[in-house]
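Peer 1: Take this structure, written in C-alpha cells, and hold onto it; I'll ask about it next.
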Amino acid sequence: FTTEAALLWGGIPVEIQKRILKNAFCAKCNTVVEIVNYYGTVENGDLVLDGTCAFCGHAAARVIETSQASHKNN
C-alpha cells in the first residue's frame, strides 16, 4: 500500500473491508470475485485495490470511491 492508500483503507471498518475484498471484478471470469494478494494506491482521490482473482488467478481490481465520501462530509 502507498501511505495515502493505507490511511484510507485503515479508515474503513474491518467488517466493511472484508465485504469489499469479496466484491472485486475479474475481467477473465467476467464477474464479481474475491480479491487476494492485493495492494492499494490512490487514483483521482479514490482508493484502488489491485490484486489477483481468488478463483482463476487473473488480475482483479476494486475501486472504492473515497473521493465521493469526502465531498459528502463537507
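Following the order of the C-alpha cells, first chain is A, next is B, and so on, with residues numbered from 1 inside each chain and ligands from 1 in the order they appear.
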Excluding same-chain residues fewer than 5 positions from range 58-69 of chain A, what lies within 9 Å of it counting only C-alpha atoms, as a compact mmCIF listing (two decimals) with all heavy atoms, in the first residue's frame?
Peer 2:
```txt
# COMPACT_ATOMS: atom_id res chain seq x y z
N LEU A 8 -6.41 5.54 3.96
CA LEU A 8 -7.81 5.40 3.54
C LEU A 8 -8.36 4.01 3.89
O LEU A 8 -9.46 3.89 4.42
CB LEU A 8 -7.95 5.65 2.04
CG LEU A 8 -7.74 7.09 1.58
CD1 LEU A 8 -7.71 7.17 0.06
CD2 LEU A 8 -8.84 7.99 2.14
N ILE A 20 -15.72 -5.68 0.99
CA ILE A 20 -15.10 -5.09 -0.20
C ILE A 20 -14.21 -6.11 -0.90
O ILE A 20 -14.25 -6.25 -2.13
CB ILE A 20 -14.30 -3.82 0.17
CG1 ILE A 20 -15.26 -2.70 0.55
CG2 ILE A 20 -13.37 -3.41 -0.96
CD1 ILE A 20 -14.59 -1.49 1.17
N LEU A 21 -13.41 -6.85 -0.12
CA LEU A 21 -12.49 -7.83 -0.70
C LEU A 21 -13.21 -8.97 -1.40
O LEU A 21 -12.66 -9.61 -2.30
CB LEU A 21 -11.55 -8.38 0.37
CG LEU A 21 -10.58 -7.36 0.96
CD1 LEU A 21 -9.81 -7.97 2.12
CD2 LEU A 21 -9.64 -6.82 -0.10
N ASN A 23 -15.82 -8.44 -3.19
CA ASN A 23 -16.63 -7.78 -4.20
C ASN A 23 -15.73 -7.01 -5.18
O ASN A 23 -15.90 -5.82 -5.39
CB ASN A 23 -17.61 -6.83 -3.50
CG ASN A 23 -18.65 -6.29 -4.43
OD1 ASN A 23 -18.88 -6.83 -5.51
ND2 ASN A 23 -19.28 -5.20 -4.04
N ALA A 24 -14.78 -7.72 -5.78
CA ALA A 24 -13.89 -7.15 -6.79
C ALA A 24 -14.31 -7.69 -8.16
O ALA A 24 -15.13 -8.59 -8.24
CB ALA A 24 -12.45 -7.52 -6.49
N PHE A 25 -13.73 -7.12 -9.20
CA PHE A 25 -14.09 -7.58 -10.55
C PHE A 25 -12.92 -8.24 -11.23
O PHE A 25 -11.81 -7.71 -11.24
CB PHE A 25 -14.58 -6.41 -11.41
CG PHE A 25 -15.05 -6.85 -12.76
CD1 PHE A 25 -16.29 -7.43 -12.92
CD2 PHE A 25 -14.24 -6.74 -13.88
CE1 PHE A 25 -16.73 -7.87 -14.16
CE2 PHE A 25 -14.66 -7.17 -15.12
CZ PHE A 25 -15.91 -7.74 -15.26
N CYS A 26 -13.16 -9.39 -11.82
CA CYS A 26 -12.17 -10.11 -12.62
C CYS A 26 -12.62 -10.09 -14.07
O CYS A 26 -13.72 -10.58 -14.38
CB CYS A 26 -12.01 -11.54 -12.13
SG CYS A 26 -10.93 -12.55 -13.18
N ALA A 27 -11.80 -9.55 -14.95
CA ALA A 27 -12.15 -9.48 -16.37
C ALA A 27 -12.17 -10.86 -17.02
O ALA A 27 -12.94 -11.11 -17.94
CB ALA A 27 -11.18 -8.56 -17.12
N LYS A 28 -11.33 -11.77 -16.55
CA LYS A 28 -11.30 -13.11 -17.13
C LYS A 28 -12.55 -13.90 -16.75
O LYS A 28 -13.17 -14.54 -17.60
CB LYS A 28 -10.05 -13.86 -16.69
CG LYS A 28 -9.89 -15.20 -17.37
CD LYS A 28 -8.55 -15.83 -17.04
CE LYS A 28 -8.42 -17.15 -17.79
NZ LYS A 28 -7.14 -17.78 -17.52
N CYS A 29 -12.92 -13.86 -15.47
CA CYS A 29 -14.14 -14.54 -15.02
C CYS A 29 -15.39 -13.76 -15.43
O CYS A 29 -16.48 -14.30 -15.47
CB CYS A 29 -14.13 -14.71 -13.50
SG CYS A 29 -12.86 -15.82 -12.88
N VAL A 33 -15.71 -11.25 -7.88
CA VAL A 33 -14.91 -12.31 -7.25
C VAL A 33 -14.28 -11.79 -5.96
O VAL A 33 -14.33 -10.60 -5.67
CB VAL A 33 -13.79 -12.79 -8.19
CG1 VAL A 33 -14.37 -13.39 -9.46
CG2 VAL A 33 -12.82 -11.66 -8.52
N GLU A 34 -13.63 -12.69 -5.24
CA GLU A 34 -12.82 -12.29 -4.10
C GLU A 34 -11.43 -11.94 -4.61
O GLU A 34 -10.86 -12.63 -5.45
CB GLU A 34 -12.73 -13.43 -3.08
CG GLU A 34 -11.93 -13.05 -1.86
CD GLU A 34 -11.91 -14.13 -0.80
OE1 GLU A 34 -12.52 -15.19 -1.00
OE2 GLU A 34 -11.27 -13.89 0.23
N ILE A 35 -10.86 -10.85 -4.08
CA ILE A 35 -9.53 -10.41 -4.48
C ILE A 35 -8.53 -10.83 -3.40
O ILE A 35 -8.82 -10.71 -2.21
CB ILE A 35 -9.50 -8.89 -4.74
CG1 ILE A 35 -8.19 -8.44 -5.38
CG2 ILE A 35 -9.80 -8.11 -3.48
CD1 ILE A 35 -8.20 -6.99 -5.83
N VAL A 36 -7.39 -11.38 -3.82
CA VAL A 36 -6.33 -11.78 -2.89
C VAL A 36 -5.01 -11.17 -3.36
O VAL A 36 -4.91 -10.67 -4.48
CB VAL A 36 -6.21 -13.33 -2.80
CG1 VAL A 36 -7.48 -13.93 -2.20
CG2 VAL A 36 -5.93 -13.95 -4.15
N TYR A 38 -3.57 -8.42 -2.70
CA TYR A 38 -3.88 -7.08 -3.18
C TYR A 38 -2.97 -6.02 -2.57
O TYR A 38 -2.34 -6.23 -1.53
CB TYR A 38 -5.34 -6.73 -2.88
CG TYR A 38 -5.68 -6.83 -1.42
CD1 TYR A 38 -5.55 -5.73 -0.59
CD2 TYR A 38 -6.11 -8.03 -0.86
CE1 TYR A 38 -5.84 -5.81 0.76
CE2 TYR A 38 -6.40 -8.12 0.47
CZ TYR A 38 -6.26 -7.02 1.28
OH TYR A 38 -6.54 -7.11 2.62
N ASN A 44 -6.97 9.67 -8.50
CA ASN A 44 -8.01 10.70 -8.55
C ASN A 44 -8.80 10.77 -7.25
O ASN A 44 -10.01 10.98 -7.25
CB ASN A 44 -8.96 10.46 -9.73
CG ASN A 44 -8.24 10.53 -11.06
OD1 ASN A 44 -7.41 11.40 -11.26
ND2 ASN A 44 -8.55 9.61 -11.94
N GLY A 45 -8.12 10.55 -6.13
CA GLY A 45 -8.76 10.63 -4.82
C GLY A 45 -9.49 9.37 -4.38
O GLY A 45 -10.01 9.31 -3.28
N ASP A 46 -9.54 8.36 -5.24
CA ASP A 46 -10.22 7.11 -4.92
C ASP A 46 -9.21 6.02 -4.58
O ASP A 46 -8.15 5.93 -5.19
CB ASP A 46 -11.09 6.64 -6.10
CG ASP A 46 -12.23 7.59 -6.39
OD1 ASP A 46 -12.74 8.21 -5.45
OD2 ASP A 46 -12.61 7.69 -7.56
N LEU A 47 -9.55 5.18 -3.63
CA LEU A 47 -8.71 4.04 -3.26
C LEU A 47 -8.90 2.93 -4.28
O LEU A 47 -10.03 2.56 -4.59
CB LEU A 47 -9.10 3.55 -1.86
CG LEU A 47 -8.39 2.32 -1.34
CD1 LEU A 47 -6.88 2.52 -1.27
CD2 LEU A 47 -8.93 1.96 0.04
N VAL A 48 -7.81 2.43 -4.83
CA VAL A 48 -7.86 1.37 -5.83
C VAL A 48 -7.10 0.16 -5.27
O VAL A 48 -5.94 0.28 -4.90
CB VAL A 48 -7.23 1.81 -7.17
CG1 VAL A 48 -7.27 0.66 -8.17
CG2 VAL A 48 -7.94 3.04 -7.71
N LEU A 49 -7.79 -0.97 -5.21
CA LEU A 49 -7.16 -2.22 -4.81
C LEU A 49 -6.91 -3.04 -6.06
O LEU A 49 -7.84 -3.34 -6.81
CB LEU A 49 -8.05 -3.01 -3.86
CG LEU A 49 -8.41 -2.32 -2.54
CD1 LEU A 49 -9.34 -3.23 -1.72
CD2 LEU A 49 -7.18 -1.96 -1.75
N ASP A 50 -5.66 -3.38 -6.31
CA ASP A 50 -5.28 -4.25 -7.42
C ASP A 50 -4.73 -5.54 -6.82
O ASP A 50 -3.93 -5.49 -5.88
CB ASP A 50 -4.20 -3.61 -8.28
CG ASP A 50 -4.74 -2.47 -9.12
OD1 ASP A 50 -5.63 -2.71 -9.94
OD2 ASP A 50 -4.26 -1.33 -8.94
N GLY A 51 -5.16 -6.66 -7.36
CA GLY A 51 -4.69 -7.93 -6.84
C GLY A 51 -4.98 -9.06 -7.80
O GLY A 51 -5.00 -8.87 -9.01
N THR A 52 -5.27 -10.22 -7.23
CA THR A 52 -5.47 -11.44 -8.00
C THR A 52 -6.83 -12.03 -7.69
O THR A 52 -7.26 -12.06 -6.54
CB THR A 52 -4.36 -12.46 -7.63
OG1 THR A 52 -3.10 -11.83 -7.81
CG2 THR A 52 -4.44 -13.70 -8.49
N CYS A 53 -7.49 -12.56 -8.71
CA CYS A 53 -8.76 -13.26 -8.55
C CYS A 53 -8.51 -14.55 -7.76
O CYS A 53 -7.63 -15.34 -8.11
CB CYS A 53 -9.35 -13.58 -9.92
SG CYS A 53 -10.81 -14.65 -9.88
```
Peer 1: Compare A:Thr31, A:Ala5, A:Lys18, A:Pro13 by their minimum atom-to-atom distance to Glu43 in chain A, counting only C-alpha atoms, and give me the closest one.
Peer 2: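 Ranking A:Thr31, A:Ala5, A:Lys18, A:Pro13 by distance to Glu43 in chain A, first place goes to A:Ala5.
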Peer 1: From chain A, collect each residue whose DSSP state is helix (DSSP H, G or I) and return the set as an MDAnalysis selection string.
Peer 2: chainID A and resid 3:10 14:21 66:72
Peer 1: Only C-alpha atoms, please: the residues just picked out, written as a CSV table (one decimal), in the first residue's frame.
Peer 2:
```csv
chain,number,residue,atom,x,y,z
A,3,THR,CA,1.0,5.7,2.5
A,4,GLU,CA,-2.2,7.6,1.4
A,5,ALA,CA,-3.9,4.3,0.4
A,6,ALA,CA,-3.0,2.7,3.7
A,7,LEU,CA,-4.6,5.6,5.6
A,8,LEU,CA,-7.8,5.4,3.5
A,9,TRP,CA,-8.0,1.6,3.9
A,10,GLY,CA,-7.3,1.8,7.6
A,14,VAL,CA,-12.8,-4.3,9.2
A,15,GLU,CA,-16.2,-5.8,8.5
A,16,ILE,CA,-16.6,-3.5,5.6
A,17,GLN,CA,-13.1,-4.3,4.4
A,18,LYS,CA,-14.0,-8.0,4.3
A,19,ARG,CA,-17.1,-7.3,2.2
A,20,ILE,CA,-15.1,-5.1,-0.2
A,21,LEU,CA,-12.5,-7.8,-0.7
A,66,THR,CA,-13.3,7.6,-1.3
A,67,SER,CA,-13.2,11.0,-3.1
A,68,GLN,CA,-17.1,11.0,-3.1
A,69,ALA,CA,-17.2,10.3,0.6
A,70,SER,CA,-15.0,13.4,1.4
A,71,HIS,CA,-17.4,15.6,-0.7
A,72,LYS,CA,-20.5,14.3,1.2
```
Peer 1: Apply DSSP to the structure's backbone, then extract all residues of range 24-65 of chain A labelled strand (DSSP E) and return them as a list in words.
Peer 2: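 The strand (DSSP E) residues within range 24-65 of chain A come out as Ala24, Phe25, Cys26, Thr31, Val32, Val33, Ile35, Val36, Asn37, Tyr38, Tyr39, Gly40, Thr41, Val42, Glu43, Asp46, Leu47, Val48, Leu49, Asp50, Gly51, Thr52, Cys53, Ala59, Ala60, Ala61, Arg62, Val63 and Ile64 of chain A.
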